[in-house]
2 protein chains.
Amino acid sequence: VSEHATVVALDVMGGDNAPQATVRGALRAAGPGLEVVMVGDEALIAPLMAEGRDLPGHPHVRVLHAADTVQSHEDGARAVRAKPESSVVLACREVREGRAHAAVSLGHTGAMMAAATLHIRRIPGVLRPGIAVVLPSRTGFLVLVDAGANADARPEHLLQFALMGRLFAQAVLDIPEPRVGLLSIGEEEERGSELVQSAHALLRGTPGFVGNVEGRDIPRGTVDVVVTDGFTGNVALKLYEASGEFLLSELRNAATSSLPAKIGGLLLRPAVRRMRHRIDPDLYGGAVLMGVNGLAVIGHGSANEEAVSNAVRAAARAAREQVVRRVAESISRPGQPAPA
Amino acid sequence: VSEHATVVALDVMGGDNAPQATVRGALRAAGPGLEVVMVGDEALIAPLMAEGRDLPGHPHVRVLHAADTVQSHEDGARAVRAKPESSVVLACREVREGRAHAAVSLGHTGAMMAAATLHIRRIPGVLRPGIAVVLPSRTGFLVLVDAGANADARPEHLLQFALMGRLFAQAVLDIPEPRVGLLSIGEEEERGSELVQSAHALLRGTPGFVGNVEGRDIPRGTVDVVVTDGFTGNVALKLYEASGEFLLSELRNAATSSLPAKIGGLLLRPAVRRMRHRIDPDLYGGAVLMGVNGLAVIGHGSANEEAVSNAVRAAARAAREQVVRRVAESISRPGQPAPA
């Protein structure tokens, strides 16, 4: 690992728009303080690198050839085992072996989870890694964890997700004292599933814990960290993203329904574009697999050049903020599940 | 029960805007084919009735005095047991004893669920009642069930929710062959929680079942019925509703960000109002507690006069469509979980 620059290993073969969007995104993100290792098929990367040779990021990227690629239709866990020379595995190995501070892959959550768990490994004491995502809300941004790493969870997993989510919010969202809420179906502690009731009992009294929250508290931004199992979290994440798409498409229809509406739509367009940008999930640089012993970031499969660049920059930022070291220190202190 | 009119017993004491919005909503909904029994405090109802004496609905409403009311802060199940003369209990008894076709209450889901389960009772063979709600989507409307009746569910509950949701979609949304999806975190049947994997095995081959769907399939309207446990369903419902509020508030902000945007916002306002109306949850007349032996409808606590009227009309429509009889017939046929 370079002494001064943060190094991000980017799986340039992952995502719907790879390798064009990934290589260009890498060139866009790289700079004097941020080196990008582009992991993938050299033969495909070379012409894209040649195209970008005049870009300021060009001296700050390098290529690590990977002979293999996990395809989007493959089962992540199986493919990662069968393809030890695939780009996603090699990217994780760069982190494991200390040559990169973070690994980034787009699109295939299952493959990245498997590669990170197998090749970067869990932080000692972490029961289950959990996926943290940053979501927009009325009051700013919040962290949702677990957004889909585990379909089933136990109460003690939720306790660790709360701890990791809180450290993530401190490091990445710059919130000194994040408020943590447990996702449930009523604010009263005696409501909710058995899982939530047991988790509530474990979370009570931990730093920042404000009690149960409901689905509506995500868009309303009532808390900074929303803790839930990976099933509910993944349903919530995908529903939330698609709600935005749905409403914007309804708005587009509304803005073509009459001549005044059309003119109104044109006048409003720059402001709506800024609003879309604010609520765009690609803005926040992807999901972070918390609990592995190195940074593993999973970006949207549909990521374009800008989104890839955002994911790489967010990974570098999280690396500089030492999110992993903070989690490791917290987890290793028994009886202090969520120190400030 | 009148021979020709559909009779709806409305708990006029429930909801944030009761009894004004509920009494006015009743007067608005009532007519030659729809009689409304307003259940509540006579002394509070009388002046509102006097105000509305010239409305066309006036001859089609009557008052049933209830000495007691369940308050919004009370635990539903406990309050319903402690207050056998409360308006929500008397409304359900009207259904139980055959004097009304449907009971409607606003706001207190727990109280209505308890009153309906205790006083209307379950359909023989139904393991657990489930809440069905109609949600807007890109392609029209869909039914989500269970939206929060049970925090924990077993696979066989989800099987019955699928059956009930399908009959609801046929009767209320007029979809002859509803497509049924099981909410999960991946479309592959081997993904998802243990609950979902077991439920998938039970649902396979049942009429209309198309497999697993994800959170994004709700706004996208990929299926007509989304089946899930009450925990996930309630989180999804509240998140979806609040997403709409969030985006509309962002849109309002966008439309005041500059002078052209302000003019654009004004020109677009009528079209946006129509769009809001289309996606307004109050439009669909509330949630239906499926599986009890009579129609029990729960409206939004924030319901205004129009929303109350919609809930009463939707209840009357579901009564005319004999949703309850259809469910009872399906459940009683063993080995035929979801007949067309």
# chains A, B, ... in the order shown; residues from 1 in each chain; ligands from 1
>>> residues_around(residues="stretch 130-138 of chain A", least_positions_apart="3", cutoff="7 Å", atoms="only C-alpha atoms", output="ChimeraX atom specification")
/A:141-149,161,165,218-221,279,281,284,286-291 /B:246
>>> residues_around(residues="stretch 248-258 of chain A", least_positions_apart="3", cutoff="12 Å", atoms="only C-alpha atoms", output="PDB file with N, CA, C and O atoms, in the first residue's frame")
ATOM      1  N   GLU A 241     -36.043   2.626  -3.464  1.00  0.00           N
ATOM      2  CA  GLU A 241     -35.462   3.057  -4.735  1.00  0.00           C
ATOM      3  C   GLU A 241     -36.514   3.093  -5.842  1.00  0.00           C
ATOM      4  O   GLU A 241     -36.596   4.047  -6.601  1.00  0.00           O
ATOM      5  N   ALA A 242     -37.323   2.032  -5.892  1.00  0.00           N
ATOM      6  CA  ALA A 242     -38.312   1.948  -6.967  1.00  0.00           C
ATOM      7  C   ALA A 242     -39.457   2.936  -6.766  1.00  0.00           C
ATOM      8  O   ALA A 242     -40.086   3.360  -7.738  1.00  0.00           O
ATOM      9  N   SER A 243     -39.734   3.326  -5.516  1.00  0.00           N
ATOM     10  CA  SER A 243     -40.750   4.354  -5.263  1.00  0.00           C
ATOM     11  C   SER A 243     -40.338   5.654  -5.918  1.00  0.00           C
ATOM     12  O   SER A 243     -41.166   6.360  -6.498  1.00  0.00           O
ATOM     13  N   GLY A 244     -39.060   5.963  -5.799  1.00  0.00           N
ATOM     14  CA  GLY A 244     -38.545   7.186  -6.417  1.00  0.00           C
ATOM     15  C   GLY A 244     -38.730   7.148  -7.924  1.00  0.00           C
ATOM     16  O   GLY A 244     -39.253   8.091  -8.523  1.00  0.00           O
ATOM     17  N   GLU A 245     -38.353   6.026  -8.541  1.00  0.00           N
ATOM     18  CA  GLU A 245     -38.528   5.876  -9.995  1.00  0.00           C
ATOM     19  C   GLU A 245     -39.995   6.038 -10.383  1.00  0.00           C
ATOM     20  O   GLU A 245     -40.334   6.719 -11.349  1.00  0.00           O
ATOM     21  N   ALA A 261     -49.039  22.264 -18.579  1.00  0.00           N
ATOM     22  CA  ALA A 261     -48.229  21.332 -17.789  1.00  0.00           C
ATOM     23  C   ALA A 261     -46.884  21.091 -18.470  1.00  0.00           C
ATOM     24  O   ALA A 261     -45.844  20.995 -17.818  1.00  0.00           O
ATOM     25  N   LYS A 262     -46.906  21.025 -19.812  1.00  0.00           N
ATOM     26  CA  LYS A 262     -45.653  20.825 -20.547  1.00  0.00           C
ATOM     27  C   LYS A 262     -44.698  21.994 -20.334  1.00  0.00           C
ATOM     28  O   LYS A 262     -43.503  21.801 -20.096  1.00  0.00           O
ATOM     29  N   ILE A 263     -45.254  23.207 -20.435  1.00  0.00           N
ATOM     30  CA  ILE A 263     -44.407  24.397 -20.226  1.00  0.00           C
ATOM     31  C   ILE A 263     -43.896  24.403 -18.791  1.00  0.00           C
ATOM     32  O   ILE A 263     -42.718  24.644 -18.533  1.00  0.00           O
ATOM     33  N   GLY A 264     -44.807  24.086 -17.856  1.00  0.00           N
ATOM     34  CA  GLY A 264     -44.403  24.023 -16.450  1.00  0.00           C
ATOM     35  C   GLY A 264     -43.295  23.013 -16.239  1.00  0.00           C
ATOM     36  O   GLY A 264     -42.320  23.269 -15.534  1.00  0.00           O
ATOM     37  N   GLY A 265     -43.434  21.868 -16.877  1.00  0.00           N
ATOM     38  CA  GLY A 265     -42.428  20.814 -16.755  1.00  0.00           C
ATOM     39  C   GLY A 265     -41.066  21.277 -17.248  1.00  0.00           C
ATOM     40  O   GLY A 265     -40.037  21.017 -16.618  1.00  0.00           O
ATOM     41  N   LEU A 266     -41.070  22.018 -18.377  1.00  0.00           N
ATOM     42  CA  LEU A 266     -39.799  22.522 -18.921  1.00  0.00           C
ATOM     43  C   LEU A 266     -39.151  23.519 -17.963  1.00  0.00           C
ATOM     44  O   LEU A 266     -37.942  23.486 -17.732  1.00  0.00           O
ATOM     45  N   LEU A 267     -39.971  24.410 -17.407  1.00  0.00           N
ATOM     46  CA  LEU A 267     -39.429  25.425 -16.497  1.00  0.00           C
ATOM     47  C   LEU A 267     -38.893  24.801 -15.211  1.00  0.00           C
ATOM     48  O   LEU A 267     -37.945  25.285 -14.617  1.00  0.00           O
ATOM     49  N   LEU A 268     -39.550  23.711 -14.822  1.00  0.00           N
ATOM     50  CA  LEU A 268     -39.191  23.073 -13.556  1.00  0.00           C
ATOM     51  C   LEU A 268     -38.020  22.099 -13.730  1.00  0.00           C
ATOM     52  O   LEU A 268     -37.414  21.665 -12.750  1.00  0.00           O
ATOM     53  N   ARG A 269     -37.703  21.773 -14.971  1.00  0.00           N
ATOM     54  CA  ARG A 269     -36.760  20.683 -15.217  1.00  0.00           C
ATOM     55  C   ARG A 269     -35.406  20.819 -14.494  1.00  0.00           C
ATOM     56  O   ARG A 269     -34.956  19.850 -13.864  1.00  0.00           O
ATOM     57  N   VAL A 272     -35.893  19.991 -10.855  1.00  0.00           N
ATOM     58  CA  VAL A 272     -36.195  18.571 -10.648  1.00  0.00           C
ATOM     59  C   VAL A 272     -34.940  17.736 -10.864  1.00  0.00           C
ATOM     60  O   VAL A 272     -34.711  16.758 -10.155  1.00  0.00           O
ATOM     61  N   ARG A 273     -34.097  18.162 -11.813  1.00  0.00           N
ATOM     62  CA  ARG A 273     -32.860  17.425 -12.042  1.00  0.00           C
ATOM     63  C   ARG A 273     -31.968  17.493 -10.795  1.00  0.00           C
ATOM     64  O   ARG A 273     -31.383  16.495 -10.399  1.00  0.00           O
ATOM     65  N   MET A 275     -33.055  17.887  -7.756  1.00  0.00           N
ATOM     66  CA  MET A 275     -33.721  17.048  -6.760  1.00  0.00           C
ATOM     67  C   MET A 275     -33.439  15.563  -7.025  1.00  0.00           C
ATOM     68  O   MET A 275     -33.117  14.809  -6.113  1.00  0.00           O
ATOM     69  N   ARG A 276     -33.544  15.153  -8.297  1.00  0.00           N
ATOM     70  CA  ARG A 276     -33.248  13.751  -8.642  1.00  0.00           C
ATOM     71  C   ARG A 276     -31.840  13.405  -8.248  1.00  0.00           C
ATOM     72  O   ARG A 276     -31.572  12.301  -7.783  1.00  0.00           O
ATOM     73  N   ILE A 279     -31.539  12.661  -4.589  1.00  0.00           N
ATOM     74  CA  ILE A 279     -32.113  11.411  -4.093  1.00  0.00           C
ATOM     75  C   ILE A 279     -31.634  10.199  -4.884  1.00  0.00           C
ATOM     76  O   ILE A 279     -32.119   9.099  -4.700  1.00  0.00           O
ATOM     77  N   ASP A 280     -30.664  10.396  -5.777  1.00  0.00           N
ATOM     78  CA  ASP A 280     -30.157   9.301  -6.598  1.00  0.00           C
ATOM     79  C   ASP A 280     -29.341   8.331  -5.740  1.00  0.00           C
ATOM     80  O   ASP A 280     -28.372   8.728  -5.110  1.00  0.00           O
TER      81      ASP A 280
ATOM     82  N   PRO B 136     -51.037   1.808  -5.080  1.00  0.00           N
ATOM     83  CA  PRO B 136     -50.869   2.241  -6.469  1.00  0.00           C
ATOM     84  C   PRO B 136     -49.531   1.756  -7.007  1.00  0.00           C
ATOM     85  O   PRO B 136     -48.573   1.581  -6.245  1.00  0.00           O
ATOM     86  N   SER B 137     -49.449   1.510  -8.291  1.00  0.00           N
ATOM     87  CA  SER B 137     -48.192   1.128  -8.926  1.00  0.00           C
ATOM     88  C   SER B 137     -48.160   1.714 -10.322  1.00  0.00           C
ATOM     89  O   SER B 137     -49.144   2.294 -10.793  1.00  0.00           O
ATOM     90  N   ARG B 138     -47.036   1.549 -10.947  1.00  0.00           N
ATOM     91  CA  ARG B 138     -46.850   2.055 -12.305  1.00  0.00           C
ATOM     92  C   ARG B 138     -47.898   1.501 -13.267  1.00  0.00           C
ATOM     93  O   ARG B 138     -48.285   2.167 -14.214  1.00  0.00           O
ATOM     94  N   THR B 139     -48.337   0.285 -13.016  1.00  0.00           N
ATOM     95  CA  THR B 139     -49.259  -0.343 -13.961  1.00  0.00           C
ATOM     96  C   THR B 139     -50.705  -0.319 -13.483  1.00  0.00           C
ATOM     97  O   THR B 139     -51.573  -0.851 -14.161  1.00  0.00           O
ATOM     98  N   GLY B 140     -50.995   0.276 -12.348  1.00  0.00           N
ATOM     99  CA  GLY B 140     -52.370   0.327 -11.855  1.00  0.00           C
ATOM    100  C   GLY B 140     -52.403   0.196 -10.354  1.00  0.00           C
ATOM    101  O   GLY B 140     -51.905   1.046  -9.634  1.00  0.00           O
ATOM    102  N   PRO B 219     -43.711  -0.870  -6.476  1.00  0.00           N
ATOM    103  CA  PRO B 219     -43.948   0.322  -7.304  1.00  0.00           C
ATOM    104  C   PRO B 219     -44.043  -0.010  -8.795  1.00  0.00           C
ATOM    105  O   PRO B 219     -44.752   0.661  -9.532  1.00  0.00           O
ATOM    106  N   ARG B 220     -43.330  -1.022  -9.225  1.00  0.00           N
ATOM    107  CA  ARG B 220     -43.346  -1.354 -10.655  1.00  0.00           C
ATOM    108  C   ARG B 220     -44.609  -2.090 -11.077  1.00  0.00           C
ATOM    109  O   ARG B 220     -44.899  -2.204 -12.263  1.00  0.00           O
ATOM    110  N   SER B 243     -42.577   7.472   1.337  1.00  0.00           N
ATOM    111  CA  SER B 243     -41.754   7.815   0.174  1.00  0.00           C
ATOM    112  C   SER B 243     -42.473   8.830  -0.699  1.00  0.00           C
ATOM    113  O   SER B 243     -41.865   9.769  -1.204  1.00  0.00           O
ATOM    114  N   GLY B 244     -43.764   8.609  -0.870  1.00  0.00           N
ATOM    115  CA  GLY B 244     -44.569   9.530  -1.661  1.00  0.00           C
ATOM    116  C   GLY B 244     -44.570  10.924  -1.042  1.00  0.00           C
ATOM    117  O   GLY B 244     -44.331  11.918  -1.726  1.00  0.00           O
ATOM    118  N   LEU B 247     -41.086  12.548  -1.564  1.00  0.00           N
ATOM    119  CA  LEU B 247     -40.794  13.029  -2.910  1.00  0.00           C
ATOM    120  C   LEU B 247     -41.634  14.237  -3.263  1.00  0.00           C
ATOM    121  O   LEU B 247     -41.162  15.156  -3.921  1.00  0.00           O
ATOM    122  N   LEU B 248     -42.882  14.263  -2.798  1.00  0.00           N
ATOM    123  CA  LEU B 248     -43.713  15.428  -3.090  1.00  0.00           C
ATOM    124  C   LEU B 248     -43.201  16.658  -2.343  1.00  0.00           C
ATOM    125  O   LEU B 248     -43.265  17.765  -2.864  1.00  0.00           O
ATOM    126  N   GLU B 250     -40.017  17.159  -1.623  1.00  0.00           N
ATOM    127  CA  GLU B 250     -38.824  17.561  -2.373  1.00  0.00           C
ATOM    128  C   GLU B 250     -39.224  18.329  -3.640  1.00  0.00           C
ATOM    129  O   GLU B 250     -38.575  19.290  -4.025  1.00  0.00           O
ATOM    130  N   LEU B 251     -40.328  17.859  -4.238  1.00  0.00           N
ATOM    131  CA  LEU B 251     -40.818  18.515  -5.453  1.00  0.00           C
ATOM    132  C   LEU B 251     -41.278  19.935  -5.138  1.00  0.00           C
ATOM    133  O   LEU B 251     -41.006  20.880  -5.885  1.00  0.00           O
ATOM    134  N   GLY B 264     -43.047  27.392 -13.251  1.00  0.00           N
ATOM    135  CA  GLY B 264     -43.237  26.011 -13.698  1.00  0.00           C
ATOM    136  C   GLY B 264     -44.117  25.240 -12.734  1.00  0.00           C
ATOM    137  O   GLY B 264     -45.026  24.514 -13.135  1.00  0.00           O
ATOM    138  N   GLY B 265     -43.860  25.410 -11.440  1.00  0.00           N
ATOM    139  CA  GLY B 265     -44.636  24.726 -10.412  1.00  0.00           C
ATOM    140  C   GLY B 265     -46.105  25.099 -10.475  1.00  0.00           C
ATOM    141  O   GLY B 265     -46.984  24.246 -10.346  1.00  0.00           O
ATOM    142  N   LEU B 266     -46.374  26.392 -10.700  1.00  0.00           N
ATOM    143  CA  LEU B 266     -47.767  26.846 -10.785  1.00  0.00           C
ATOM    144  C   LEU B 266     -48.466  26.234 -11.997  1.00  0.00           C
ATOM    145  O   LEU B 266     -49.612  25.788 -11.901  1.00  0.00           O
ATOM    146  N   LEU B 267     -47.757  26.201 -13.126  1.00  0.00           N
ATOM    147  CA  LEU B 267     -48.365  25.663 -14.348  1.00  0.00           C
ATOM    148  C   LEU B 267     -48.609  24.162 -14.223  1.00  0.00           C
ATOM    149  O   LEU B 267     -49.548  23.616 -14.790  1.00  0.00           O
ATOM    150  N   LEU B 268     -47.734  23.518 -13.474  1.00  0.00           N
ATOM    151  CA  LEU B 268     -47.809  22.063 -13.346  1.00  0.00           C
ATOM    152  C   LEU B 268     -48.789  21.637 -12.251  1.00  0.00           C
ATOM    153  O   LEU B 268     -49.171  20.469 -12.162  1.00  0.00           O
ATOM    154  N   ARG B 269     -49.196  22.603 -11.418  1.00  0.00           N
ATOM    155  CA  ARG B 269     -49.937  22.234 -10.209  1.00  0.00           C
ATOM    156  C   ARG B 269     -51.185  21.364 -10.452  1.00  0.00           C
ATOM    157  O   ARG B 269     -51.357  20.354  -9.773  1.00  0.00           O
ATOM    158  N   PRO B 270     -52.049  21.720 -11.432  1.00  0.00           N
ATOM    159  CA  PRO B 270     -53.252  20.867 -11.606  1.00  0.00           C
ATOM    160  C   PRO B 270     -52.886  19.426 -11.965  1.00  0.00           C
ATOM    161  O   PRO B 270     -53.496  18.482 -11.445  1.00  0.00           O
ATOM    162  N   ALA B 271     -51.873  19.263 -12.817  1.00  0.00           N
ATOM    163  CA  ALA B 271     -51.478  17.906 -13.222  1.00  0.00           C
ATOM    164  C   ALA B 271     -50.900  17.143 -12.036  1.00  0.00           C
ATOM    165  O   ALA B 271     -51.159  15.954 -11.867  1.00  0.00           O
ATOM    166  N   VAL B 272     -50.109  17.848 -11.212  1.00  0.00           N
ATOM    167  CA  VAL B 272     -49.529  17.182 -10.049  1.00  0.00           C
ATOM    168  C   VAL B 272     -50.622  16.825  -9.053  1.00  0.00           C
ATOM    169  O   VAL B 272     -50.577  15.779  -8.406  1.00  0.00           O
ATOM    170  N   ARG B 273     -51.633  17.697  -8.957  1.00  0.00           N
ATOM    171  CA  ARG B 273     -52.730  17.388  -8.036  1.00  0.00           C
ATOM    172  C   ARG B 273     -53.449  16.114  -8.486  1.00  0.00           C
ATOM    173  O   ARG B 273     -53.777  15.254  -7.670  1.00  0.00           O
ATOM    174  N   ARG B 274     -53.665  15.962  -9.780  1.00  0.00           N
ATOM    175  CA  ARG B 274     -54.291  14.724 -10.276  1.00  0.00           C
ATOM    176  C   ARG B 274     -53.406  13.515  -9.983  1.00  0.00           C
ATOM    177  O   ARG B 274     -53.886  12.464  -9.589  1.00  0.00           O
ATOM    178  N   MET B 275     -52.099  13.712 -10.182  1.00  0.00           N
ATOM    179  CA  MET B 275     -51.157  12.620  -9.908  1.00  0.00           C
ATOM    180  C   MET B 275     -51.194  12.249  -8.428  1.00  0.00           C
ATOM    181  O   MET B 275     -51.246  11.070  -8.065  1.00  0.00           O
ATOM    182  N   ARG B 276     -51.177  13.265  -7.554  1.00  0.00           N
ATOM    183  CA  ARG B 276     -51.236  13.002  -6.114  1.00  0.00           C
ATOM    184  C   ARG B 276     -52.491  12.241  -5.768  1.00  0.00           C
ATOM    185  O   ARG B 276     -52.502  11.352  -4.932  1.00  0.00           O
ATOM    186  N   HIS B 277     -53.575  12.635  -6.410  1.00  0.00           N
ATOM    187  CA  HIS B 277     -54.847  11.989  -6.131  1.00  0.00           C
ATOM    188  C   HIS B 277     -54.779  10.514  -6.501  1.00  0.00           C
ATOM    189  O   HIS B 277     -55.242   9.648  -5.763  1.00  0.00           O
ATOM    190  N   ARG B 278     -54.145  10.249  -7.637  1.00  0.00           N
ATOM    191  CA  ARG B 278     -54.044   8.863  -8.093  1.00  0.00           C
ATOM    192  C   ARG B 278     -53.244   8.010  -7.108  1.00  0.00           C
ATOM    193  O   ARG B 278     -53.552   6.837  -6.908  1.00  0.00           O
ATOM    194  N   ILE B 279     -52.200   8.584  -6.510  1.00  0.00           N
ATOM    195  CA  ILE B 279     -51.350   7.780  -5.639  1.00  0.00           C
ATOM    196  C   ILE B 279     -51.684   7.958  -4.161  1.00  0.00           C
ATOM    197  O   ILE B 279     -50.979   7.467  -3.290  1.00  0.00           O
TER     198      ILE B 279
END
>>> select_by_dssp(residues="stretch 34-152 of chain A", states="helix (DSSP H, G or I)", output="PyMOL selection string")
chain A and resi 42-51+58-60+76-82+87-96+109-120
>>> write_last_selection(atoms="C-alpha atoms", output="CSV table (one decimal), in the first residue's frame")
chain,number,residue,atom,x,y,z
A,42,GLU,CA,-6.1,-6.6,-19.7
A,43,ALA,CA,-7.1,-7.0,-23.3
A,44,LEU,CA,-10.4,-5.2,-22.7
A,45,ILE,CA,-9.0,-2.6,-20.4
A,46,ALA,CA,-6.0,-1.6,-22.7
A,47,PRO,CA,-8.0,0.2,-25.4
A,48,LEU,CA,-10.1,2.1,-22.8
A,49,MET,CA,-7.0,3.1,-21.0
A,50,ALA,CA,-5.5,4.4,-24.3
A,51,GLU,CA,-8.7,6.5,-24.9
A,58,HIS,CA,-4.5,8.4,-15.9
A,59,PRO,CA,-1.1,8.4,-14.0
A,60,HIS,CA,-2.9,7.2,-10.9
A,76,GLY,CA,-22.2,-15.8,-6.2
A,77,ALA,CA,-20.9,-18.2,-3.6
A,78,ARG,CA,-20.4,-21.0,-6.0
A,79,ALA,CA,-18.8,-18.9,-8.7
A,80,VAL,CA,-16.4,-17.3,-6.2
A,81,ARG,CA,-15.2,-20.8,-5.1
A,82,ALA,CA,-15.0,-22.1,-8.7
A,87,SER,CA,-11.6,-10.2,-10.9
A,88,VAL,CA,-13.8,-9.9,-7.8
A,89,VAL,CA,-11.7,-12.4,-6.0
A,90,LEU,CA,-8.4,-10.7,-7.0
A,91,ALA,CA,-9.8,-7.3,-5.9
A,92,CYS,CA,-10.5,-8.7,-2.5
A,93,ARG,CA,-7.1,-10.3,-2.3
A,94,GLU,CA,-5.4,-7.0,-2.9
A,95,VAL,CA,-7.1,-5.8,0.3
A,96,ARG,CA,-6.4,-9.0,2.2
A,109,THR,CA,-23.8,-8.5,-4.4
A,110,GLY,CA,-23.6,-12.3,-3.8
A,111,ALA,CA,-20.3,-12.6,-5.5
A,112,MET,CA,-18.7,-9.7,-3.6
A,113,MET,CA,-20.1,-10.9,-0.3
A,114,ALA,CA,-18.7,-14.4,-0.9
A,115,ALA,CA,-15.3,-13.0,-2.2
A,116,ALA,CA,-15.0,-10.6,0.8
A,117,THR,CA,-16.0,-13.2,3.4
A,118,LEU,CA,-13.7,-15.9,2.0
A,119,HIS,CA,-10.7,-13.7,1.0
A,120,ILE,CA,-10.8,-10.7,3.3
>>> residues_around(residues="A:Arg166", least_positions_apart="3", cutoff="10 Å", atoms="only C-alpha atoms", output="number ranges by chain")
A: 143, 145, 160-163, 169-173, 175-180, 207-209, 224-227, 327, 338-340
>>> closest_residue(among="A:Val36, A:Leu183, A:Val8, A:Ala66", to="chain B", atoms="only C-alpha atoms")
A:Leu183
>>> residues_around(residues="B:Gly40", least_positions_apart="6", cutoff="8 Å", atoms="only C-alpha atoms", output="list of chain:residue names")
B:Asp11, B:Val12, B:Met13, B:Val63, B:Leu64, B:His65, B:Ala66, B:Ala67, B:Asp68, B:Thr69, B:Ser86, B:Ser87
>>> write_last_selection(atoms="all heavy atoms", output="compact mmCIF listing (two decimals), in the first residue's frame")
# COMPACT_ATOMS: atom_id res chain seq x y z
N ASP B 11 -67.80 3.24 12.63
CA ASP B 11 -67.39 3.74 13.94
C ASP B 11 -67.02 5.21 13.77
O ASP B 11 -65.92 5.54 13.34
CB ASP B 11 -66.18 2.92 14.42
CG ASP B 11 -65.47 3.54 15.61
OD1 ASP B 11 -66.07 4.42 16.27
OD2 ASP B 11 -64.33 3.13 15.87
N VAL B 12 -67.95 6.10 14.12
CA VAL B 12 -67.69 7.53 13.84
C VAL B 12 -66.76 8.17 14.87
O VAL B 12 -66.38 9.33 14.72
CB VAL B 12 -69.00 8.37 13.73
CG1 VAL B 12 -69.81 7.96 12.52
CG2 VAL B 12 -69.81 8.30 15.00
N MET B 13 -66.37 7.41 15.90
CA MET B 13 -65.51 7.98 16.93
C MET B 13 -64.02 7.76 16.64
O MET B 13 -63.16 8.31 17.32
CB MET B 13 -65.84 7.36 18.30
CG MET B 13 -67.32 7.43 18.66
SD MET B 13 -67.99 9.11 18.60
CE MET B 13 -67.26 9.78 20.10
N VAL B 63 -78.31 6.51 13.50
CA VAL B 63 -77.33 6.56 14.58
C VAL B 63 -77.54 5.38 15.52
O VAL B 63 -78.66 5.02 15.85
CB VAL B 63 -77.48 7.89 15.37
CG1 VAL B 63 -76.46 7.93 16.53
CG2 VAL B 63 -77.31 9.08 14.45
N LEU B 64 -76.42 4.75 15.90
CA LEU B 64 -76.47 3.73 16.95
C LEU B 64 -75.58 4.25 18.08
O LEU B 64 -74.36 4.40 17.90
CB LEU B 64 -75.94 2.39 16.42
CG LEU B 64 -75.76 1.28 17.46
CD1 LEU B 64 -77.11 0.86 18.07
CD2 LEU B 64 -75.07 0.07 16.82
N HIS B 65 -76.21 4.53 19.21
CA HIS B 65 -75.45 5.14 20.31
C HIS B 65 -74.46 4.14 20.91
O HIS B 65 -74.80 2.99 21.22
CB HIS B 65 -76.40 5.65 21.39
CG HIS B 65 -75.65 6.25 22.55
ND1 HIS B 65 -74.91 7.41 22.43
CD2 HIS B 65 -75.50 5.85 23.84
CE1 HIS B 65 -74.34 7.69 23.59
NE2 HIS B 65 -74.69 6.76 24.47
N ALA B 66 -73.21 4.62 21.10
CA ALA B 66 -72.20 3.83 21.82
C ALA B 66 -71.74 4.68 22.99
O ALA B 66 -71.37 5.84 22.82
CB ALA B 66 -71.01 3.52 20.91
N ALA B 67 -71.77 4.07 24.17
CA ALA B 67 -71.47 4.83 25.38
C ALA B 67 -69.98 5.05 25.56
O ALA B 67 -69.55 5.91 26.32
CB ALA B 67 -72.04 4.09 26.59
N ASP B 68 -69.19 4.28 24.85
CA ASP B 68 -67.75 4.28 25.11
C ASP B 68 -66.95 4.40 23.80
O ASP B 68 -67.46 4.11 22.73
CB ASP B 68 -67.38 2.96 25.82
CG ASP B 68 -66.37 3.18 26.94
OD1 ASP B 68 -65.72 4.25 26.95
OD2 ASP B 68 -66.25 2.28 27.79
N THR B 69 -65.67 4.77 23.96
CA THR B 69 -64.80 4.92 22.80
C THR B 69 -63.41 4.39 23.15
O THR B 69 -62.92 4.64 24.25
CB THR B 69 -64.66 6.42 22.42
OG1 THR B 69 -65.96 6.94 22.16
CG2 THR B 69 -63.78 6.60 21.20
N SER B 86 -67.99 -0.03 23.47
CA SER B 86 -67.30 1.00 22.67
C SER B 86 -67.80 0.96 21.22
O SER B 86 -68.33 -0.06 20.75
CB SER B 86 -65.80 0.78 22.72
OG SER B 86 -65.49 -0.50 22.23
N SER B 87 -67.61 2.07 20.53
CA SER B 87 -68.16 2.22 19.17
C SER B 87 -67.58 1.17 18.22
O SER B 87 -68.31 0.61 17.39
CB SER B 87 -67.89 3.63 18.65
OG SER B 87 -66.52 3.96 18.78
>>> atom_distance(atom1="atom CA of B:Glu97", atom2="atom CA of B:Val23")
23.1 Å
>>> atom_distance(atom1="atom CA of A:Asp229", atom2="atom CA of A:Leu158")
6.8 Å
>>> atom_distance(atom1="atom CA of B:Val235", atom2="atom CA of B:Asn310")
24.0 Å
>>> select_by_dssp(residues="stretch 94-198 of chain B", states="strand (DSSP E)", output="count of residues only")
23
